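Shown next: input35.txt, given as compact mmCIF, C-alpha atoms.
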# COMPACT_ATOMS: atom_id res chain seq x y z
CA MET T 1384 -44.46 13.18 18.77
CA CYS T 1385 -41.68 12.32 21.26
CA SER T 1386 -39.56 15.11 22.71
CA HIS T 1387 -36.54 14.02 20.70
CA SER T 1388 -38.64 13.90 17.47
CA LEU T 1389 -36.17 11.55 15.78
CA TYR T 1390 -37.31 9.97 12.53
CA ARG T 1391 -38.23 6.34 13.25
CA ASN T 1392 -36.60 6.65 16.69
CA THR T 1393 -33.08 6.27 15.39
CA MET T 1394 -29.93 8.15 14.45
CA ALA T 1395 -26.21 7.51 13.94
CA ASN T 1396 -23.84 8.51 16.71
CA THR T 1397 -20.31 8.12 17.98
CA GLY T 1398 -18.72 9.48 21.14
CA GLN T 1399 -20.91 10.51 24.04
CA ARG T 1400 -24.25 8.68 23.96
CA PRO T 1401 -27.26 11.03 23.53
CA TRP T 1402 -29.63 11.62 26.45
CA HIS T 1403 -32.46 9.69 24.78
CA LYS T 1404 -30.29 6.54 24.36
CA LEU T 1405 -31.69 5.96 20.87
CA GLY T 1406 -30.02 5.11 17.61
CA VAL T 1407 -26.99 3.15 16.49
CA GLN T 1408 -23.89 3.78 18.59
CA PHE T 1409 -20.62 3.43 16.68
CA GLU T 1410 -17.47 2.76 18.68
CA ASN T 1411 -15.33 4.61 16.15
CA GLU T 1412 -15.92 7.12 13.38
CA PHE T 1413 -18.46 6.16 10.74
CA THR T 1414 -18.93 6.88 7.06
CA SER T 1415 -21.77 8.73 5.41
CA ALA T 1416 -23.03 5.45 3.94
CA GLU T 1417 -23.14 3.91 7.44
CA ALA T 1418 -24.92 7.01 8.74
CA ILE T 1419 -27.60 6.79 6.06
CA SER T 1420 -28.21 3.13 6.89
CA ALA T 1421 -28.17 3.50 10.70
CA ALA T 1422 -30.46 6.56 10.70
CA ARG T 1423 -32.73 5.04 8.03
CA LEU T 1424 -32.14 7.97 5.73
CA ASP T 1425 -32.20 5.90 2.56
CA TYR T 1426 -35.81 6.82 1.79
CA PRO T 1427 -36.35 8.33 -1.66
CA VAL T 1428 -38.12 11.69 -1.83
CA THR T 1429 -40.45 12.39 -4.72
CA LYS T 1430 -42.43 15.45 -5.78
CA GLU T 1431 -46.05 15.00 -6.83
CA GLN T 1432 -48.39 17.62 -8.21
CA LEU T 1433 -51.47 18.29 -6.12
CA HIS T 1434 -54.92 18.26 -7.68
CA ARG T 1435 -58.02 20.08 -6.53
CA LEU T 1436 -61.38 18.33 -6.32
CA ARG T 1437 -63.95 20.27 -8.41
CA SER T 1438 -67.28 18.67 -7.58
CA ASP T 1439 -68.97 21.69 -9.14
CA LEU T 1440 -67.73 20.48 -12.53
CA GLY T 1441 -68.82 16.90 -12.07
CA PRO T 1442 -68.46 13.89 -9.74
CA GLY T 1443 -64.82 13.11 -9.07
CA PHE T 1444 -63.59 15.88 -11.36
CA THR T 1445 -60.16 17.27 -10.42
CA GLU T 1446 -57.85 19.90 -11.82
CA PRO T 1447 -54.10 20.34 -11.28
CA THR T 1448 -52.82 23.11 -9.02
CA GLU T 1449 -49.52 24.97 -8.87
CA ALA T 1450 -48.63 23.21 -5.60
CA TYR T 1451 -46.64 20.01 -5.19
CA ALA T 1452 -46.19 17.61 -2.28
CA THR T 1453 -42.88 16.05 -1.33
CA ILE T 1454 -43.35 12.40 -0.37
CA ASN T 1455 -41.28 10.02 1.76
CA GLY T 1456 -41.03 7.02 -0.57
CA HIS T 1457 -40.76 4.48 2.27
CA THR T 1458 -43.62 5.63 4.48
CA GLN T 1459 -45.67 7.57 1.88
CA ASP T 1460 -45.91 10.44 4.37
CA VAL T 1461 -46.29 13.96 2.99
CA LEU T 1462 -43.19 15.90 4.03
CA GLY T 1463 -44.21 19.33 2.79
CA ILE T 1464 -45.90 21.47 0.17
CA VAL T 1465 -43.61 23.18 -2.36
CA GLY T 1466 -43.73 25.02 -5.64
CA GLU T 1467 -43.06 23.83 -9.18
CA GLY T 1468 -39.49 25.17 -9.13
CA TYR T 1469 -38.49 23.23 -6.03
CA GLU T 1470 -35.87 20.59 -6.81
CA VAL T 1471 -35.60 17.55 -4.57
CA LEU T 1472 -32.16 16.85 -3.13
CA GLN T 1473 -31.89 13.24 -1.99
CA ASN T 1474 -30.24 12.57 1.36
CA LYS T 1475 -27.38 10.69 -0.27
CA GLU T 1476 -26.64 13.72 -2.46
CA ALA T 1477 -26.52 15.96 0.60
CA PHE T 1478 -24.15 13.54 2.36
CA ASP T 1479 -21.96 13.26 -0.74
CA PHE T 1480 -21.53 17.03 -0.62
CA PHE T 1481 -20.80 16.93 3.10
CA ASP T 1482 -18.12 14.29 2.51
CA ILE T 1483 -16.27 16.78 0.31
CA LEU T 1484 -16.19 19.24 3.20
CA LEU T 1485 -14.97 16.59 5.62
CA ASN T 1486 -12.16 15.57 3.32
CA GLU T 1487 -11.04 19.18 3.05
CA SER T 1488 -11.38 20.06 6.74
CA GLY T 1489 -10.29 16.82 8.41
CA GLY T 1490 -13.63 16.60 10.20
CA LYS T 1491 -15.20 13.31 11.30
CA LEU T 1492 -18.92 12.52 11.40
CA GLN T 1493 -20.29 12.57 14.95
CA THR T 1494 -24.08 12.38 14.61
CA ALA T 1495 -26.62 12.16 11.80
CA GLY T 1496 -30.36 11.74 11.57
CA ALA T 1497 -33.69 13.21 10.59
CA ILE T 1498 -36.52 14.99 12.39
CA GLY T 1499 -40.23 14.19 12.33
CA LYS T 1500 -41.36 12.22 9.29
CA GLY T 1501 -38.00 12.78 7.63
CA GLU T 1502 -38.68 16.33 6.52
CA LYS T 1503 -35.47 17.71 8.06
CA VAL T 1504 -32.11 15.99 7.95
CA TRP T 1505 -28.80 16.78 9.62
CA MET T 1506 -25.21 15.56 9.63
CA LEU T 1507 -22.73 16.82 12.24
CA ALA T 1508 -18.96 16.56 12.02
CA LYS T 1509 -16.42 17.23 14.74
CA LEU T 1510 -13.53 19.33 13.53
CA PRO T 1511 -9.95 18.65 14.63
CA GLU T 1512 -9.37 22.09 16.16
CA VAL T 1513 -10.24 22.87 19.79
CA PHE T 1514 -9.79 26.30 21.38
CA PHE T 1515 -9.24 27.00 25.06
CA PRO T 1516 -10.66 30.22 26.55
CA LEU T 1517 -9.19 28.98 29.85
CA ALA T 1518 -6.62 26.30 30.53
CA GLY T 1519 -8.44 22.97 30.72
CA ASP T 1520 -11.69 24.38 29.30
CA GLY T 1521 -11.71 23.21 25.69
CA VAL T 1522 -14.44 24.26 23.28
CA GLU T 1523 -15.03 21.71 20.54
CA GLN T 1524 -15.96 22.83 17.06
CA TYR T 1525 -18.52 21.30 14.76
CA LEU T 1526 -19.60 21.59 11.17
CA LEU T 1527 -23.36 21.12 10.77
CA GLY T 1528 -24.98 20.22 7.48
CA THR T 1529 -28.77 20.46 7.21
CA THR T 1530 -31.32 20.02 4.48
CA SER T 1531 -35.09 19.77 4.33
CA HIS T 1532 -37.71 18.19 2.12
CA ASP T 1533 -40.64 20.37 3.18
CA GLY T 1534 -39.63 23.69 1.65
CA THR T 1535 -39.02 25.39 5.02
CA MET T 1536 -35.22 25.33 4.90
CA LYS T 1537 -32.52 25.73 2.36
CA THR T 1538 -29.65 23.27 2.24
CA GLU T 1539 -27.15 24.80 4.65
CA VAL T 1540 -23.78 24.29 6.24
CA ARG T 1541 -22.82 26.21 9.35
CA MET T 1542 -20.27 26.35 12.13
CA THR T 1543 -21.58 25.58 15.61
CA ALA T 1544 -20.45 24.61 19.10
CA ILE T 1545 -23.66 22.60 19.71
CA ARG T 1546 -23.69 18.82 19.35
CA VAL T 1547 -26.95 17.95 17.58
CA VAL T 1548 -28.71 14.77 18.80
CA CYS T 1549 -32.45 15.69 18.78
CA SER T 1550 -34.95 18.30 17.63
CA ASN T 1551 -34.13 20.72 20.48
CA THR T 1552 -30.38 20.73 19.84
CA PHE T 1553 -31.12 20.88 16.10
CA ASN T 1554 -33.12 24.09 16.58
CA LEU T 1555 -30.58 25.57 19.02
CA ALA T 1556 -27.78 25.02 16.53
CA LEU T 1557 -29.79 26.72 13.77
CA LYS T 1558 -30.53 29.76 15.95
CA GLY T 1559 -27.13 30.15 17.57
CA SER T 1560 -24.73 29.55 14.70
CA ARG T 1561 -22.84 31.91 12.45
CA GLY T 1562 -20.93 31.53 9.24
CA VAL T 1563 -23.91 29.98 7.45
CA ILE T 1564 -23.81 29.08 3.77
CA SER T 1565 -27.25 28.54 2.23
CA ILE T 1566 -28.21 26.98 -1.09
CA ARG T 1567 -31.74 27.17 -2.42
CA HIS T 1568 -33.47 24.09 -3.85
CA THR T 1569 -33.38 25.15 -7.49
CA THR T 1570 -32.12 23.63 -10.73
CA ASN T 1571 -28.56 24.95 -10.36
CA MET T 1572 -28.29 23.96 -6.70
CA ARG T 1573 -25.67 21.26 -7.27
CA GLN T 1574 -23.26 23.75 -8.83
CA LYS T 1575 -23.79 26.01 -5.84
CA LEU T 1576 -22.99 23.14 -3.51
CA GLU T 1577 -19.63 22.72 -5.21
CA MET T 1578 -18.94 26.45 -4.79
CA ALA T 1579 -19.93 26.26 -1.12
CA ALA T 1580 -17.34 23.54 -0.56
CA MET T 1581 -14.61 25.97 -1.55
CA VAL T 1582 -15.96 28.79 0.60
CA LEU T 1583 -16.12 26.52 3.65
CA LEU T 1584 -12.37 26.08 3.55
CA ARG T 1585 -12.36 29.43 5.35
CA TYR T 1586 -14.04 27.96 8.42
CA LYS T 1587 -10.82 28.34 10.44
CA GLU T 1588 -11.15 32.11 10.19
CA HIS T 1589 -14.61 31.87 11.74
CA PHE T 1590 -13.42 29.77 14.64
CA ASP T 1591 -10.43 32.02 15.24
CA LEU T 1592 -12.90 34.88 15.67
CA ALA T 1593 -15.11 32.78 17.94
CA GLY T 1594 -12.06 31.84 20.01
CA ASP T 1595 -11.20 35.50 20.51
CA GLN T 1596 -14.77 36.23 21.66
CA PHE T 1597 -14.72 33.34 24.13
CA ALA T 1598 -11.38 34.51 25.49
CA LYS T 1599 -12.76 38.01 26.07
CA LEU T 1600 -15.76 36.60 27.92
CA ALA T 1601 -13.48 34.39 30.02
CA SER T 1602 -11.46 37.44 31.07
CA VAL T 1603 -14.48 39.26 32.58
CA ARG T 1604 -14.40 39.44 36.36
CA VAL T 1605 -17.73 38.61 38.04
CA ASP T 1606 -17.91 40.02 41.57
CA ASP T 1607 -20.60 40.01 44.27
CA ALA T 1608 -22.11 43.29 43.09
CA TRP T 1609 -22.40 42.01 39.50
CA ILE T 1610 -24.04 38.77 40.67
CA ASP T 1611 -26.52 40.60 42.91
CA GLU T 1612 -27.57 42.90 40.08
CA TYR T 1613 -27.88 40.00 37.64
CA LEU T 1614 -30.01 37.92 40.02
CA GLU T 1615 -32.31 40.82 40.78
CA GLN T 1616 -32.87 41.60 37.11
CA MET T 1617 -33.40 37.96 36.13
CA ILE T 1618 -35.32 36.67 39.15
CA GLY T 1619 -36.21 39.61 41.36
CA ASN T 1620 -35.59 40.54 44.96
CA PRO T 1621 -37.27 38.19 47.47
CA LEU T 1622 -37.41 41.04 50.00
CA ASN T 1623 -39.93 42.75 47.74
CA VAL T 1624 -42.23 39.73 47.74
CA ALA T 1625 -44.60 38.78 50.55
CA ASP T 1626 -43.95 35.56 52.46
CA GLY T 1627 -45.39 32.55 50.70
CA ARG T 1628 -44.84 30.12 47.85
CA GLY T 1629 -43.77 32.79 45.34
CA ARG T 1630 -41.04 34.08 47.63
CA THR T 1631 -39.83 30.56 48.43
CA ILE T 1632 -39.54 29.68 44.73
CA MET T 1633 -37.58 32.86 44.10
CA GLU T 1634 -35.20 32.18 46.99
CA ASN T 1635 -34.65 28.60 45.81
CA LYS T 1636 -33.74 29.76 42.30
CA ILE T 1637 -31.21 32.20 43.72
CA LYS T 1638 -29.68 29.51 45.95
CA LEU T 1639 -29.42 27.15 42.99
CA ILE T 1640 -27.52 29.70 40.88
CA GLU T 1641 -25.25 30.69 43.78
CA GLY T 1642 -24.53 27.02 44.43
CA ARG T 1643 -23.47 26.46 40.85
CA LEU T 1644 -21.22 29.49 41.00
CA ASN T 1645 -19.43 27.91 43.95
CA THR T 1646 -19.41 24.22 43.06
CA GLY T 1647 -20.63 23.89 39.47
CA MET T 1648 -18.81 22.24 36.59
CA GLY T 1649 -15.65 24.12 35.64
CA VAL T 1650 -15.41 26.23 38.79
CA ASP T 1651 -12.29 24.31 39.82
CA LEU T 1652 -10.43 25.21 36.63
CA PRO T 1653 -7.35 27.42 37.13
CA GLY T 1654 -8.29 31.09 37.14
CA VAL T 1655 -12.07 30.64 37.29
CA LEU T 1656 -12.58 31.37 41.00
CA GLU T 1657 -10.40 34.46 40.71
CA ARG T 1658 -12.68 35.79 37.98
CA LEU T 1659 -15.68 35.03 40.17
CA GLY T 1660 -14.28 37.23 42.86
CA GLY T 1661 -13.67 34.26 45.16
CA LEU T 1662 -17.41 33.57 45.58

Before we go any further, please render this structure as structure tokens.
Amino acid sequence: MCSHSLYRNTMANTGQRPWHKLGVQFENEFTSAEAISAARLDYPVTKEQLHRLRSDLGPGFTEPTEAYATINGHTQDVLGIVGEGYEVLQNKEAFDFFDILLNESGGKLQTAGAIGKGEKVWMLAKLPEVFFPLAGDGVEQYLLGTTSHDGTMKTEVRMTAIRVVCSNTFNLALKGSRGVISIRHTTNMRQKLEMAAMVLLRYKEHFDLAGDQFAKLASVRVDDAWIDEYLEQMIGNPLNVADGRGRTIMENKIKLIEGRLNTGMGVDLPGVLERLGGL
């Protein structure tokens, strides 16, 4: 599987082009219907009961089990193994729900796609609000909708600052986000989705809190002593290592970090160098 792990090597995207250069690039905002078509998410998902071969009872004899397989209707790939109570949510249904949230929040779809054989699906919307921990350093805000067809994830909507374009950013967004609303794949899931749409109207409160946390971090002064202690804890002290390749690698890592502190992206923003102690 490729490092991006995109389903059928495609996705829908607008704005900055992803690193892998794959998918359909829209010049302007796109609709959920366009996203489903561009990312090839129009495959139906079915649930089929699994049967066990019982050769001890006769040639070709099978018996039903309590397990079911979810199937990609276009490729016939098995997406996952689930229980009898698992209810399939088609991708279009998930996007229909996400459209409700976008209409309420003013968000616009930015990226959409699926991972692997289509077992995990995402839709990412950029929200209109941007907060600025420092002047000129805007933090964009996203609403991420995810669902799965393999039984490993609930249908979820979360707030994140990560722009999802591949499997790595997908996983990072899942691990690093807060304000998550989860809905299990059960018979009353659709009613819960409608309830979640109302709860998500409170997303601004979450981002106000996140903005305050970013502002506090931006106010921390990082001086030489702090940097030295950080580098020693994270990398080690080259003076404690004998001459050789190991010491050279350690010294190069330290130089790289120190270089970024002096010339890296954002260092030239007003107030940043002062907080770095003029490094």

(message) Please list, as an MDAnalysis selection string, the residues that have an atom at most 12 Å away from (-30.8, 16.0, 18.6) in the coordinates of this file, counting all atoms listed in the file.
(response) chainID T and resid 1385:1390 1392:1396 1400:1406 1493:1499 1503:1507 1527 1545:1557

Serialized selection, C-alpha atoms, as a compact mmCIF listing (two decimals), in the coordinates of the input:
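Contents of out10.txt, freshly written:
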# COMPACT_ATOMS: atom_id res chain seq x y z
CA CYS T 1385 -41.68 12.32 21.26
CA SER T 1386 -39.56 15.11 22.71
CA HIS T 1387 -36.54 14.02 20.70
CA SER T 1388 -38.64 13.90 17.47
CA LEU T 1389 -36.17 11.55 15.78
CA TYR T 1390 -37.31 9.97 12.53
CA ASN T 1392 -36.60 6.65 16.69
CA THR T 1393 -33.08 6.27 15.39
CA MET T 1394 -29.93 8.15 14.45
CA ALA T 1395 -26.21 7.51 13.94
CA ASN T 1396 -23.84 8.51 16.71
CA ARG T 1400 -24.25 8.68 23.96
CA PRO T 1401 -27.26 11.03 23.53
CA TRP T 1402 -29.63 11.62 26.45
CA HIS T 1403 -32.46 9.69 24.78
CA LYS T 1404 -30.29 6.54 24.36
CA LEU T 1405 -31.69 5.96 20.87
CA GLY T 1406 -30.02 5.11 17.61
CA GLN T 1493 -20.29 12.57 14.95
CA THR T 1494 -24.08 12.38 14.61
CA ALA T 1495 -26.62 12.16 11.80
CA GLY T 1496 -30.36 11.74 11.57
CA ALA T 1497 -33.69 13.21 10.59
CA ILE T 1498 -36.52 14.99 12.39
CA GLY T 1499 -40.23 14.19 12.33
CA LYS T 1503 -35.47 17.71 8.06
CA VAL T 1504 -32.11 15.99 7.95
CA TRP T 1505 -28.80 16.78 9.62
CA MET T 1506 -25.21 15.56 9.63
CA LEU T 1507 -22.73 16.82 12.24
CA LEU T 1527 -23.36 21.12 10.77
CA ILE T 1545 -23.66 22.60 19.71
CA ARG T 1546 -23.69 18.82 19.35
CA VAL T 1547 -26.95 17.95 17.58
CA VAL T 1548 -28.71 14.77 18.80
CA CYS T 1549 -32.45 15.69 18.78
CA SER T 1550 -34.95 18.30 17.63
CA ASN T 1551 -34.13 20.72 20.48
CA THR T 1552 -30.38 20.73 19.84
CA PHE T 1553 -31.12 20.88 16.10
CA ASN T 1554 -33.12 24.09 16.58
CA LEU T 1555 -30.58 25.57 19.02
CA ALA T 1556 -27.78 25.02 16.53
CA LEU T 1557 -29.79 26.72 13.77

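Relative to CA of Arg1391 in chain T, CA of Glu1523 in chain T is found at 28.8 Å.
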
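The shell of residues at most 9 Å from Asp1520 in chain T, with only C-alpha atoms counted and near chain neighbours (fewer than 4 positions) removed, consists of Phe1514, Phe1515, Pro1516, Gly1649 and Leu1652 of chain T.
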
(request) Skip Glu1431 in chain T itself and residues of its chain fewer than 5 positions away, then list as a ChimeraX atom specification all residues within 8 Å of it, counting only C-alpha atoms. (result) /T:1451-1454

(request) Kindly give the distance, in Å, that separates CA of Gly1519 in chain T and CA of Val1540 in chain T, rounded to a single decimal. (result) 28.9 Å

(message) Neighbouring residues of His1434 in chain T were defined as those with any atom within 12 Å, considering all atoms listed in the file; residues of the same chain fewer than 4 positions away were excluded. Please report them as an NGL selection string.
(response) :T and (1443-1452)

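Interatomic distance, CA of Thr1538 in chain T to CA of Ile1566 in chain T: 5.2 Å.
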
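With all atoms listed in the file as the atoms that count, the minimum distance from Lys1509 in chain T to the choices T:Asp1606, T:Glu1412, T:Glu1577, T:Glu1417 is reached by T:Glu1412.
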
Considering only C-alpha atoms, return as a CSV table (one decimal) with C-alpha atoms, keeping the file's coordinate frame whatever protein or nucleic-acid residues lie within 9 Å of Thr1414 in chain T, sequence-local ones (same chain, fewer than 2 positions apart) excluded.
chain,number,residue,atom,x,y,z
T,1412,GLU,CA,-15.9,7.1,13.4
T,1416,ALA,CA,-23.0,5.4,3.9
T,1417,GLU,CA,-23.1,3.9,7.4
T,1418,ALA,CA,-24.9,7.0,8.7
T,1419,ILE,CA,-27.6,6.8,6.1
T,1482,ASP,CA,-18.1,14.3,2.5
T,1491,LYS,CA,-15.2,13.3,11.3
T,1492,LEU,CA,-18.9,12.5,11.4

At most 8 Å from (-44.6, 24.1, -7.1), file frame, all atoms listed in the file: which residues, as a PDB file with C-alpha atoms, in the coordinates of the input?
ATOM      1  CA  GLN T1432     -48.390  17.620  -8.210  1.00  0.00           C
ATOM      2  CA  GLU T1449     -49.520  24.970  -8.870  1.00  0.00           C
ATOM      3  CA  ALA T1450     -48.630  23.210  -5.600  1.00  0.00           C
ATOM      4  CA  TYR T1451     -46.640  20.010  -5.190  1.00  0.00           C
ATOM      5  CA  ILE T1464     -45.900  21.470   0.170  1.00  0.00           C
ATOM      6  CA  VAL T1465     -43.610  23.180  -2.360  1.00  0.00           C
ATOM      7  CA  GLY T1466     -43.730  25.020  -5.640  1.00  0.00           C
ATOM      8  CA  GLU T1467     -43.060  23.830  -9.180  1.00  0.00           C
ATOM      9  CA  GLY T1468     -39.490  25.170  -9.130  1.00  0.00           C
ATOM     10  CA  TYR T1469     -38.490  23.230  -6.030  1.00  0.00           C
TER      11      TYR T1469
END

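Among the candidate residues T:Val1461, T:Leu1424, T:Leu1436, T:Leu1517, the one lying nearest to Leu1600 in chain T is T:Leu1517, with distances computed using all atoms listed in the file.
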
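Nearest residue to Lys1430 in chain T, choosing from T:Glu1410, T:Asp1626, T:Asp1533, T:Glu1512 and counting only C-alpha atoms: T:Asp1533.
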